>>> print(open('work-v9.cif').read())   # mmCIF, C-alpha atoms, pLDDT in the B column; chains and numbers go by the auth columns
data_model
loop_
_atom_site.group_PDB
_atom_site.id
_atom_site.type_symbol
_atom_site.label_atom_id
_atom_site.label_comp_id
_atom_site.label_asym_id
_atom_site.label_seq_id
_atom_site.Cartn_x
_atom_site.Cartn_y
_atom_site.Cartn_z
_atom_site.B_iso_or_equiv
_atom_site.auth_seq_id
_atom_site.auth_asym_id
ATOM 1 C CA MET A 1 -47.537 43.297 -27.014 68.00 11 J
ATOM 2 C CA ARG A 2 -48.012 46.641 -25.300 80.00 12 J
ATOM 3 C CA ASP A 3 -46.951 49.898 -26.881 83.00 13 J
ATOM 4 C CA SER A 4 -43.982 51.326 -24.941 86.00 14 J
ATOM 5 C CA ARG A 5 -44.219 54.797 -26.431 89.00 15 J
ATOM 6 C CA PRO A 6 -46.299 56.416 -23.662 91.00 16 J
ATOM 7 C CA ALA A 7 -43.850 55.196 -21.005 92.00 17 J
ATOM 8 C CA GLU A 8 -40.848 56.388 -23.028 93.00 18 J
ATOM 9 C CA ILE A 9 -42.439 59.797 -23.510 94.00 19 J
ATOM 10 C CA ALA A 10 -43.370 60.050 -19.825 95.00 20 J
ATOM 11 C CA TRP A 11 -39.801 59.249 -18.733 96.00 21 J
ATOM 12 C CA LEU A 12 -38.371 61.772 -21.177 95.00 22 J
ATOM 13 C CA ILE A 13 -40.703 64.416 -19.738 95.00 23 J
ATOM 14 C CA VAL A 14 -39.461 63.544 -16.242 95.00 24 J
ATOM 15 C CA ILE A 15 -35.851 63.799 -17.436 94.00 25 J
ATOM 16 C CA GLY A 16 -36.619 67.157 -19.053 94.00 26 J
ATOM 17 C CA LEU A 17 -38.081 68.469 -15.791 95.00 27 J
ATOM 18 C CA LEU A 18 -35.054 67.234 -13.839 94.00 28 J
ATOM 19 C CA ILE A 19 -32.733 68.970 -16.304 92.00 29 J
ATOM 20 C CA ALA A 20 -34.703 72.203 -16.016 91.00 30 J
ATOM 21 C CA LEU A 21 -34.691 72.127 -12.212 92.00 31 J
ATOM 22 C CA GLY A 22 -31.329 70.615 -11.307 90.00 32 J
ATOM 23 C CA THR A 23 -28.824 71.555 -13.961 89.00 33 J
ATOM 24 C CA VAL A 24 -27.512 74.794 -12.494 90.00 34 J
ATOM 25 C CA PRO A 25 -26.334 73.255 -9.181 91.00 35 J
ATOM 26 C CA LEU A 26 -24.967 70.216 -11.015 90.00 36 J
ATOM 27 C CA MET A 27 -22.954 72.355 -13.434 90.00 37 J
ATOM 28 C CA HIS A 28 -21.579 74.401 -10.530 89.00 38 J
ATOM 29 C CA ALA A 29 -20.535 71.186 -8.766 91.00 39 J
ATOM 30 C CA LEU A 30 -18.819 69.910 -11.926 89.00 40 J
ATOM 31 C CA ALA A 31 -17.123 73.275 -12.439 90.00 41 J
ATOM 32 C CA ALA A 32 -15.819 73.146 -8.860 92.00 42 J
ATOM 33 C CA ASN A 33 -14.127 69.833 -9.703 92.00 43 J
ATOM 34 C CA ARG A 34 -13.132 70.700 -13.267 94.00 44 J
ATOM 35 C CA PRO A 35 -10.840 67.701 -14.054 95.00 45 J
ATOM 36 C CA LEU A 36 -13.494 65.153 -13.076 94.00 46 J
ATOM 37 C CA GLY A 37 -16.210 67.078 -14.912 93.00 47 J
ATOM 38 C CA THR A 38 -14.073 67.386 -18.029 95.00 48 J
ATOM 39 C CA VAL A 39 -13.338 63.656 -18.093 96.00 49 J
ATOM 40 C CA MET A 40 -17.006 62.791 -17.523 94.00 50 J
ATOM 41 C CA LEU A 41 -18.221 65.129 -20.245 95.00 51 J
ATOM 42 C CA ALA A 42 -15.509 63.987 -22.672 96.00 52 J
ATOM 43 C CA ALA A 43 -16.866 60.455 -22.179 97.00 53 J
ATOM 44 C CA VAL A 44 -20.414 61.699 -22.792 96.00 54 J
ATOM 45 C CA ILE A 45 -19.298 63.502 -25.967 97.00 55 J
ATOM 46 C CA ALA A 46 -17.531 60.345 -27.167 97.00 56 J
ATOM 47 C CA GLY A 47 -20.730 58.412 -26.488 97.00 57 J
ATOM 48 C CA THR A 48 -22.819 60.867 -28.470 96.00 58 J
ATOM 49 C CA VAL A 49 -20.369 60.711 -31.373 96.00 59 J
ATOM 50 C CA VAL A 50 -20.802 56.920 -31.351 97.00 60 J
ATOM 51 C CA MET A 51 -24.559 57.544 -31.195 95.00 61 J
ATOM 52 C CA ILE A 52 -24.328 59.717 -34.327 95.00 62 J
ATOM 53 C CA ARG A 53 -22.315 57.037 -36.102 95.00 63 J
ATOM 54 C CA ARG A 54 -24.806 54.311 -35.172 94.00 64 J
ATOM 55 C CA ALA A 55 -27.764 56.493 -36.183 93.00 65 J
ATOM 56 C CA TYR A 56 -26.365 56.898 -39.693 93.00 66 J
ATOM 57 C CA ALA A 57 -27.882 53.959 -41.529 91.00 67 J
ATOM 58 C CA PRO A 58 -28.383 55.103 -45.130 90.00 68 J
ATOM 59 C CA THR A 59 -31.062 52.491 -45.824 91.00 69 J
ATOM 60 C CA SER A 60 -33.213 53.496 -42.842 87.00 70 J
ATOM 61 C CA PRO A 61 -36.320 55.544 -43.654 86.00 71 J
ATOM 62 C CA THR A 62 -35.755 57.630 -40.489 86.00 72 J
ATOM 63 C CA VAL A 63 -32.035 58.260 -40.933 90.00 73 J
ATOM 64 C CA ARG A 64 -32.350 62.055 -41.026 92.00 74 J
ATOM 65 C CA ALA A 65 -34.412 62.226 -37.845 90.00 75 J
ATOM 66 C CA ASP A 66 -32.141 59.735 -36.067 91.00 76 J
ATOM 67 C CA VAL A 67 -28.949 61.587 -36.973 93.00 77 J
ATOM 68 C CA THR A 68 -30.480 64.976 -36.122 93.00 78 J
ATOM 69 C CA LYS A 69 -31.565 63.673 -32.706 92.00 79 J
ATOM 70 C CA ALA A 70 -28.074 62.304 -32.028 94.00 80 J
ATOM 71 C CA ILE A 71 -26.469 65.605 -33.080 95.00 81 J
ATOM 72 C CA ALA A 72 -28.827 67.504 -30.755 94.00 82 J
ATOM 73 C CA TYR A 73 -27.652 65.403 -27.806 95.00 83 J
ATOM 74 C CA CYS A 74 -24.006 65.848 -28.875 96.00 84 J
ATOM 75 C CA THR A 75 -24.490 69.622 -29.052 95.00 85 J
ATOM 76 C CA ALA A 76 -25.904 69.640 -25.524 94.00 86 J
ATOM 77 C CA ALA A 77 -22.891 67.655 -24.266 95.00 87 J
ATOM 78 C CA VAL A 78 -20.436 70.051 -25.941 96.00 88 J
ATOM 79 C CA LEU A 79 -22.245 73.033 -24.398 94.00 89 J
ATOM 80 C CA ALA A 80 -22.033 71.349 -20.978 94.00 90 J
ATOM 81 C CA LEU A 81 -18.267 70.972 -21.449 95.00 91 J
ATOM 82 C CA ILE A 82 -17.974 74.636 -22.441 94.00 92 J
ATOM 83 C CA THR A 83 -20.001 75.544 -19.351 92.00 93 J
ATOM 84 C CA ILE A 84 -17.728 73.810 -16.866 93.00 94 J
ATOM 85 C CA ASP A 85 -14.382 74.476 -18.537 92.00 95 J
ATOM 86 C CA TRP A 86 -14.724 78.108 -19.613 92.00 96 J
ATOM 87 C CA GLY A 87 -17.838 79.296 -17.783 84.00 97 J
ATOM 88 C CA PRO A 88 -19.159 82.013 -20.091 89.00 98 J
ATOM 89 C CA HIS A 89 -22.346 83.543 -18.702 85.00 99 J
ATOM 90 C CA TRP A 90 -24.479 82.295 -21.606 90.00 100 J
ATOM 91 C CA ALA A 91 -23.294 78.681 -21.658 90.00 101 J
ATOM 92 C CA ILE A 92 -25.303 77.168 -18.817 90.00 102 J
ATOM 93 C CA ARG A 93 -28.627 78.370 -20.210 92.00 103 J
ATOM 94 C CA ALA A 94 -27.540 77.377 -23.718 93.00 104 J
ATOM 95 C CA PHE A 95 -26.791 73.865 -22.419 93.00 105 J
ATOM 96 C CA ILE A 96 -30.187 73.622 -20.715 93.00 106 J
ATOM 97 C CA THR A 97 -31.925 74.829 -23.861 94.00 107 J
ATOM 98 C CA ALA A 98 -30.002 72.408 -26.098 94.00 108 J
ATOM 99 C CA ALA A 99 -30.755 69.491 -23.778 95.00 109 J
ATOM 100 C CA GLU A 100 -34.453 70.389 -23.674 95.00 110 J
ATOM 101 C CA VAL A 101 -34.581 70.745 -27.471 94.00 111 J
ATOM 102 C CA ALA A 102 -32.930 67.329 -27.847 94.00 112 J
ATOM 103 C CA ILE A 103 -35.477 65.785 -25.486 96.00 113 J
ATOM 104 C CA VAL A 104 -38.422 67.401 -27.271 95.00 114 J
ATOM 105 C CA PHE A 105 -37.072 66.186 -30.601 93.00 115 J
ATOM 106 C CA ASP A 106 -36.656 62.706 -29.092 93.00 116 J
ATOM 107 C CA ILE A 107 -40.272 62.790 -27.861 94.00 117 J
ATOM 108 C CA LEU A 108 -41.464 63.806 -31.324 93.00 118 J
ATOM 109 C CA THR A 109 -39.555 60.964 -33.000 91.00 119 J
ATOM 110 C CA ILE A 110 -40.979 58.474 -30.492 91.00 120 J
ATOM 111 C CA ALA A 111 -44.522 59.796 -30.924 91.00 121 J
ATOM 112 C CA THR A 112 -44.352 59.545 -34.718 88.00 122 J
ATOM 113 C CA ARG A 113 -42.667 56.147 -34.754 81.00 123 J
ATOM 114 C CA PRO A 114 -44.832 53.507 -36.474 76.00 124 J
ATOM 115 C CA ARG A 115 -46.545 51.075 -34.132 75.00 125 J
ATOM 116 C CA ALA A 116 -45.063 47.615 -33.812 64.00 126 J
ATOM 117 C CA ALA A 117 -46.970 44.889 -35.654 55.00 127 J
ATOM 118 C CA GLU A 118 -49.351 42.913 -33.455 52.00 128 J
ATOM 119 C CA GLU A 119 -48.380 39.295 -33.074 48.00 129 J
#
>>> encode(input="work-v9.cif", output="structure tokens")
Amino acid sequence: MRDSRPAEIAWLIVIGLLIALGTVPLMHALAANRPLGTVMLAAVIAGTVVMIRRAYAPTSPTVRADVTKAIAYCTAAVLALITIDWGPHWAIRAFITAAEVAIVFDILTIATRPRAAEE
């Protein structure tokens, strides 16, 4: 069985680069169509809340890291909603930063994950 961690990390790096390069035009497009953007981001926030709930497994040895990672993604989604609904000048960069922090934290949890047992 091959280790999937390098591929996961590589794809997260690609996603991080896409967020860094394409978020500003995307947020402006969502802000131009505020009702659609609000509904989409409300669904994303609901998904991240479910992600937090699923990450909380008290018997798991990585519960703190899993919940923290889920909360980081939820924070990024909330900042995206603030960006398109209220548009304060700081929100778009705060969203990009929160999304990048969540991705870096995700990469770190993948990199430190124990290897699967060889069969």
>>> closest_residue(input="work-v9.cif", among="J:Gly26, J:Pro16, J:Gly32, J:Pro45", to="Ile94 (chain J)", atoms="all atoms listed in the file")
J:Pro45
>>> closest_residue(input="work-v9.cif", among="J:Val77, J:Leu40, J:Ile19, J:Ile29", to="Arg123 (chain J)", atoms="only C-alpha atoms")
J:Ile19
>>> atom_distance(input="work-v9.cif", atom1="CA of Ala42 (chain J)", atom2="CA of Ile81 (chain J)")
27.5 Å
>>> resolve_selection(input="work-v9.cif", expression="the PyMOL selection byres ((chain J and resi 56) around 12)", output="JSON list (two decimals) with C-alpha atoms, in the frame of the given file")
[["chain", "number", "residue", "atom", "x", "y", "z"],
["J", 49, "VAL", "CA", -13.34, 63.66, -18.09],
["J", 50, "MET", "CA", -17.01, 62.79, -17.52],
["J", 51, "LEU", "CA", -18.22, 65.13, -20.24],
["J", 52, "ALA", "CA", -15.51, 63.99, -22.67],
["J", 53, "ALA", "CA", -16.87, 60.46, -22.18],
["J", 54, "VAL", "CA", -20.41, 61.70, -22.79],
["J", 55, "ILE", "CA", -19.30, 63.50, -25.97],
["J", 57, "GLY", "CA", -20.73, 58.41, -26.49],
["J", 58, "THR", "CA", -22.82, 60.87, -28.47],
["J", 59, "VAL", "CA", -20.37, 60.71, -31.37],
["J", 60, "VAL", "CA", -20.80, 56.92, -31.35],
["J", 61, "MET", "CA", -24.56, 57.54, -31.20],
["J", 62, "ILE", "CA", -24.33, 59.72, -34.33],
["J", 63, "ARG", "CA", -22.32, 57.04, -36.10],
["J", 80, "ALA", "CA", -28.07, 62.30, -32.03],
["J", 81, "ILE", "CA", -26.47, 65.60, -33.08],
["J", 83, "TYR", "CA", -27.65, 65.40, -27.81],
["J", 84, "CYS", "CA", -24.01, 65.85, -28.88],
["J", 85, "THR", "CA", -24.49, 69.62, -29.05],
["J", 87, "ALA", "CA", -22.89, 67.66, -24.27],
["J", 88, "VAL", "CA", -20.44, 70.05, -25.94]]
>>> closest_residue(input="work-v9.cif", among="J:Pro124, J:Pro71, J:Gly47, J:Pro35", to="Ser14 (chain J)", atoms="all atoms listed in the file")
J:Pro124
>>> resolve_selection(input="work-v9.cif", expression="the PyMOL selection byres ((chain J and resi 15) around 10)", output="short mmCIF file (atom, residue, chain, number, x, y, z; two decimals) with C-alpha atoms, in the frame of the given file")
data_model
loop_
_atom_site.label_atom_id
_atom_site.label_comp_id
_atom_site.auth_asym_id
_atom_site.auth_seq_id
_atom_site.Cartn_x
_atom_site.Cartn_y
_atom_site.Cartn_z
CA ARG J 12 -48.01 46.64 -25.30
CA ASP J 13 -46.95 49.90 -26.88
CA SER J 14 -43.98 51.33 -24.94
CA PRO J 16 -46.30 56.42 -23.66
CA ALA J 17 -43.85 55.20 -21.00
CA GLU J 18 -40.85 56.39 -23.03
CA ILE J 19 -42.44 59.80 -23.51
CA ALA J 20 -43.37 60.05 -19.82
CA TRP J 21 -39.80 59.25 -18.73
CA ILE J 117 -40.27 62.79 -27.86
CA ILE J 120 -40.98 58.47 -30.49
CA ALA J 121 -44.52 59.80 -30.92
CA THR J 122 -44.35 59.54 -34.72
CA ARG J 123 -42.67 56.15 -34.75
CA ARG J 125 -46.54 51.08 -34.13
#
>>> atom_distance(input="work-v9.cif", atom1="CA of Ala90 (chain J)", atom2="CA of Ala65 (chain J)")
22.0 Å
>>> decode(input="work-v9.cif", residues="region 32-104 of chain J", atoms="C-alpha atoms", output="PDB file, in the first residue's frame")
ATOM      1  CA  GLY J  32      -7.723  33.839  -7.138  1.00  0.00           C
ATOM      2  CA  THR J  33      -9.596  34.798  -4.012  1.00  0.00           C
ATOM      3  CA  VAL J  34      -9.907  38.534  -4.565  1.00  0.00           C
ATOM      4  CA  PRO J  35     -11.753  38.265  -7.920  1.00  0.00           C
ATOM      5  CA  LEU J  36     -13.882  35.411  -6.582  1.00  0.00           C
ATOM      6  CA  MET J  37     -14.925  37.391  -3.505  1.00  0.00           C
ATOM      7  CA  HIS J  38     -15.781  40.394  -5.687  1.00  0.00           C
ATOM      8  CA  ALA J  39     -17.923  38.158  -7.913  1.00  0.00           C
ATOM      9  CA  LEU J  40     -19.723  36.713  -4.875  1.00  0.00           C
ATOM     10  CA  ALA J  41     -20.213  40.198  -3.430  1.00  0.00           C
ATOM     11  CA  ALA J  42     -21.745  41.333  -6.730  1.00  0.00           C
ATOM     12  CA  ASN J  43     -24.341  38.563  -6.361  1.00  0.00           C
ATOM     13  CA  ARG J  44     -24.746  38.788  -2.589  1.00  0.00           C
ATOM     14  CA  PRO J  45     -27.812  36.499  -2.122  1.00  0.00           C
ATOM     15  CA  LEU J  46     -26.190  33.602  -3.985  1.00  0.00           C
ATOM     16  CA  GLY J  47     -22.876  34.136  -2.200  1.00  0.00           C
ATOM     17  CA  THR J  48     -24.571  34.289   1.189  1.00  0.00           C
ATOM     18  CA  VAL J  49     -26.452  31.042   0.578  1.00  0.00           C
ATOM     19  CA  MET J  50     -23.305  29.303  -0.685  1.00  0.00           C
ATOM     20  CA  LEU J  51     -21.212  30.444   2.259  1.00  0.00           C
ATOM     21  CA  ALA J  52     -23.963  29.594   4.761  1.00  0.00           C
ATOM     22  CA  ALA J  53     -23.846  26.051   3.350  1.00  0.00           C
ATOM     23  CA  VAL J  54     -20.052  26.009   3.689  1.00  0.00           C
ATOM     24  CA  ILE J  55     -20.300  27.229   7.298  1.00  0.00           C
ATOM     25  CA  ALA J  56     -22.891  24.539   8.054  1.00  0.00           C
ATOM     26  CA  GLY J  57     -20.535  21.978   6.531  1.00  0.00           C
ATOM     27  CA  THR J  58     -17.634  23.150   8.658  1.00  0.00           C
ATOM     28  CA  VAL J  59     -19.788  23.018  11.788  1.00  0.00           C
ATOM     29  CA  VAL J  60     -20.592  19.393  10.913  1.00  0.00           C
ATOM     30  CA  MET J  61     -16.854  18.903  10.348  1.00  0.00           C
ATOM     31  CA  ILE J  62     -16.151  20.216  13.864  1.00  0.00           C
ATOM     32  CA  ARG J  63     -18.781  17.898  15.313  1.00  0.00           C
ATOM     33  CA  ARG J  64     -17.366  14.874  13.483  1.00  0.00           C
ATOM     34  CA  ALA J  65     -13.800  15.774  14.489  1.00  0.00           C
ATOM     35  CA  TYR J  66     -14.738  15.705  18.171  1.00  0.00           C
ATOM     36  CA  ALA J  67     -14.111  12.096  19.113  1.00  0.00           C
ATOM     37  CA  PRO J  68     -13.011  12.129  22.762  1.00  0.00           C
ATOM     38  CA  THR J  69     -11.264   8.758  22.499  1.00  0.00           C
ATOM     39  CA  SER J  70      -9.126   9.781  19.513  1.00  0.00           C
ATOM     40  CA  PRO J  71      -5.478  10.563  20.276  1.00  0.00           C
ATOM     41  CA  THR J  72      -5.575  13.428  17.732  1.00  0.00           C
ATOM     42  CA  VAL J  73      -8.856  14.996  18.832  1.00  0.00           C
ATOM     43  CA  ARG J  74      -7.339  18.388  19.669  1.00  0.00           C
ATOM     44  CA  ALA J  75      -5.567  18.715  16.330  1.00  0.00           C
ATOM     45  CA  ASP J  76      -8.637  17.513  14.419  1.00  0.00           C
ATOM     46  CA  VAL J  77     -10.996  19.943  16.144  1.00  0.00           C
ATOM     47  CA  THR J  78      -8.527  22.832  15.807  1.00  0.00           C
ATOM     48  CA  LYS J  79      -8.167  22.141  12.075  1.00  0.00           C
ATOM     49  CA  ALA J  80     -11.952  22.067  11.638  1.00  0.00           C
ATOM     50  CA  ILE J  81     -12.336  25.333  13.577  1.00  0.00           C
ATOM     51  CA  ALA J  82      -9.671  26.961  11.384  1.00  0.00           C
ATOM     52  CA  TYR J  83     -11.666  26.083   8.263  1.00  0.00           C
ATOM     53  CA  CYS J  84     -14.891  27.306   9.918  1.00  0.00           C
ATOM     54  CA  THR J  85     -13.215  30.609  10.808  1.00  0.00           C
ATOM     55  CA  ALA J  86     -12.129  31.070   7.194  1.00  0.00           C
ATOM     56  CA  ALA J  87     -15.701  30.427   5.999  1.00  0.00           C
ATOM     57  CA  VAL J  88     -17.134  32.955   8.475  1.00  0.00           C
ATOM     58  CA  LEU J  89     -14.584  35.555   7.344  1.00  0.00           C
ATOM     59  CA  ALA J  90     -15.570  34.894   3.715  1.00  0.00           C
ATOM     60  CA  LEU J  91     -19.214  35.537   4.638  1.00  0.00           C
ATOM     61  CA  ILE J  92     -18.248  38.769   6.405  1.00  0.00           C
ATOM     62  CA  THR J  93     -16.267  39.765   3.312  1.00  0.00           C
ATOM     63  CA  ILE J  94     -19.149  39.435   0.875  1.00  0.00           C
ATOM     64  CA  ASP J  95     -21.977  40.627   3.116  1.00  0.00           C
ATOM     65  CA  TRP J  96     -20.414  43.622   4.866  1.00  0.00           C
ATOM     66  CA  GLY J  97     -17.225  44.251   2.892  1.00  0.00           C
ATOM     67  CA  PRO J  98     -14.942  45.811   5.500  1.00  0.00           C
ATOM     68  CA  HIS J  99     -11.542  46.627   4.015  1.00  0.00           C
ATOM     69  CA  TRP J 100      -9.715  44.139   6.254  1.00  0.00           C
ATOM     70  CA  ALA J 101     -11.986  41.134   5.721  1.00  0.00           C
ATOM     71  CA  ILE J 102     -10.778  39.837   2.367  1.00  0.00           C
ATOM     72  CA  ARG J 103      -7.152  39.632   3.483  1.00  0.00           C
ATOM     73  CA  ALA J 104      -8.242  38.180   6.826  1.00  0.00           C
TER      74      ALA J 104
END
